[in-house]
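A.B. asks: The structure follows.
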Amino acid sequence: MEKRGKLYDFLNLLHAPYTFWHLSYVLLGIALSPHIFLGRSVATMVAFFLGLGIGAHALDETMGNPLKTKLSMRALYAIGLSALTVAMAIGLYYTITLSIFLFALVVIESFFAITYNLETFHSKLHSTPIFAISWGSIPFLTGYFINTLTLTPAALLMAFAVALLTFVQKTLSTQARLVRRNIASVDALRLDSGGHVPITSAELIAPAEKSLKALTIMIFLISVALVFALH
């Protein structure tokens with residue numbers, strides 16, 4: 001039972017919808033590349049799975065236990081920093097073997113993965129815009145750059161679009177989480193006319209949660225479709 005509990009905690013730590021969503025951004029960058037180098041692309045997907053999917057979520061879990069795992073602080077730091085170290089090592093390998101310019105993406109993403117999730121600098125970097133860049137634009141740009149070794153105006157424009165979509169994701173998620181964790185029950189909404197509309201807390205967050213699920217599937221399907229359509 002203890003092993004099963006630890007496995008559950010680890011799987012919960014991945015926060016699968018977020019991890020799946022942001023790996024789709026990496027895949028989108030890969031898909032829009034004129035030519036796909038399979039080895040580099042797979043390595044980049046692995047790096048972001050480790051760095052964001054595991055590392056960033058593990059560090060975030062040390063800040064108030066948002067995913068409700070029972071992993072110790074020591075285990076969370078060990079998992080988080082180990083995963084980030086391997087992810088950075090992959091990035092540094094390709095920095096040395098492919099392009100020194102990749103170093104900027106590695107450093108910026110690693111910096112945000114640590115400072116955003118550990119809420120350093122008095123949480124000044126723990127913001128939706130930073131999330132949009134570090135969980136949206138940079139994964140996309142890295143997936144694109146690892147294959148092209150350049151960034152075009154079109155790629156930068158798409159990175160901005162990805163940041164906006166990530167902003168929407170974070171806004172919906174924050175609203176749903178706020179209601180789920182802080183509002184025990186809702187009976188009705190009072191209208192300006194004086195009437196009341198019966199509603200539960202589950203119904204209150206349902207639009208946001210349904211939208212998040214649909215968007216998660218949408219961005220993945222778009223990324224896969226573009227891989228097949230353009231290559």
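By order in the structure tokens, chains are A, B, ...; within a chain, residues start at 1; ligands start at 1, following the order shown.
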Name the residues of range 3-224 of chain A that fall into strand (DSSP E or B) according to DSSP on the backbone, using the chain letters and numbers of this document, as a PyMOL selection string.

C.D. replies: chain A and resi 188-190+196-198

A.B. asks: Those residues with C-alpha atoms, as a tab-separated table (two decimals), in the first residue's frame please?

C.D. replies:
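And here is the file that came out, again.tsv:
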```
chain	number	residue	atom	x	y	z
A	188	ALA	CA	-27.43	30.90	-5.75
A	189	LEU	CA	-26.37	34.00	-7.63
A	190	ARG	CA	-28.23	37.19	-6.86
A	196	HIS	CA	-31.78	34.45	-7.69
A	197	VAL	CA	-30.28	31.77	-9.94
A	198	PRO	CA	-29.61	28.44	-8.18
```

A.B. asks: Please identify all polymer residues within 7 Å of Phe49 in chain A, counting only C-alpha atoms, omitting same-chain residues fewer than 4 positions from it, and present them as an MDAnalysis selection string.

C.D. replies: chainID A and resid 19 23 45 53:54

A.B. asks: List every residue of range 54-145 of chain A that has an atom at most 10 Å from any atom of range 5-13 of chain A, and for each one report the closest atom pair and its distance in Å to one decimal, counting only C-alpha atoms, with rows sorted by chain and then by increasing residue number, as a Markdown table.

C.D. replies:
```
| residue | atom | partner | partner_atom | distance |
| --- | --- | --- | --- | --- |
| A:Ile54 | CA | A:Leu13 | CA | 7.0 |
| A:Gly55 | CA | A:Leu13 | CA | 9.4 |
| A:Ala56 | CA | A:Leu13 | CA | 9.7 |
| A:His57 | CA | A:Leu13 | CA | 6.2 |
| A:Ala58 | CA | A:Leu13 | CA | 6.4 |
| A:Leu59 | CA | A:Leu13 | CA | 9.9 |
| A:Asp60 | CA | A:Leu13 | CA | 9.5 |
| A:Glu61 | CA | A:Leu13 | CA | 7.8 |
| A:Pro66 | CA | A:Leu13 | CA | 9.7 |
| A:Leu67 | CA | A:Leu13 | CA | 6.7 |
| A:Lys68 | CA | A:Asp9 | CA | 8.3 |
| A:Thr69 | CA | A:Asp9 | CA | 5.1 |
| A:Lys70 | CA | A:Asp9 | CA | 6.7 |
| A:Leu71 | CA | A:Asp9 | CA | 7.0 |
| A:Leu76 | CA | A:Leu13 | CA | 9.4 |
| A:Ile79 | CA | A:Phe10 | CA | 9.7 |
```

A.B. asks: Save out the residues we just selected, C-alpha atoms, as a PDB file, in the first residue's frame.

C.D. replies:
```
ATOM      1  CA  ILE A  54       8.657  16.898 -13.047  1.00  0.00           C
ATOM      2  CA  GLY A  55      11.171  19.480 -11.851  1.00  0.00           C
ATOM      3  CA  ALA A  56       9.035  22.611 -11.802  1.00  0.00           C
ATOM      4  CA  HIS A  57       6.009  20.816 -10.350  1.00  0.00           C
ATOM      5  CA  ALA A  58       8.116  19.243  -7.604  1.00  0.00           C
ATOM      6  CA  LEU A  59       9.498  22.638  -6.582  1.00  0.00           C
ATOM      7  CA  ASP A  60       6.037  24.188  -6.764  1.00  0.00           C
ATOM      8  CA  GLU A  61       4.769  21.473  -4.422  1.00  0.00           C
ATOM      9  CA  PRO A  66      -0.975  22.649  -3.925  1.00  0.00           C
ATOM     10  CA  LEU A  67      -1.107  19.132  -5.410  1.00  0.00           C
ATOM     11  CA  LYS A  68      -1.718  17.570  -1.969  1.00  0.00           C
ATOM     12  CA  THR A  69       1.006  14.937  -2.256  1.00  0.00           C
ATOM     13  CA  LYS A  70       2.508  13.366   0.861  1.00  0.00           C
ATOM     14  CA  LEU A  71       6.071  13.548  -0.385  1.00  0.00           C
ATOM     15  CA  LEU A  76      10.439  17.127  -3.436  1.00  0.00           C
ATOM     16  CA  ILE A  79      13.160  15.180  -7.357  1.00  0.00           C
TER      17      ILE A  79
END
```

A.B. asks: Nearest to Ile90 in chain A among A:Pro153, A:Gly29, A:Gly39, A:Gly136, with distances taken over only C-alpha atoms: which residue is it?

C.D. replies: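 For Ile90 in chain A, the nearest of the given residues is A:Gly39.
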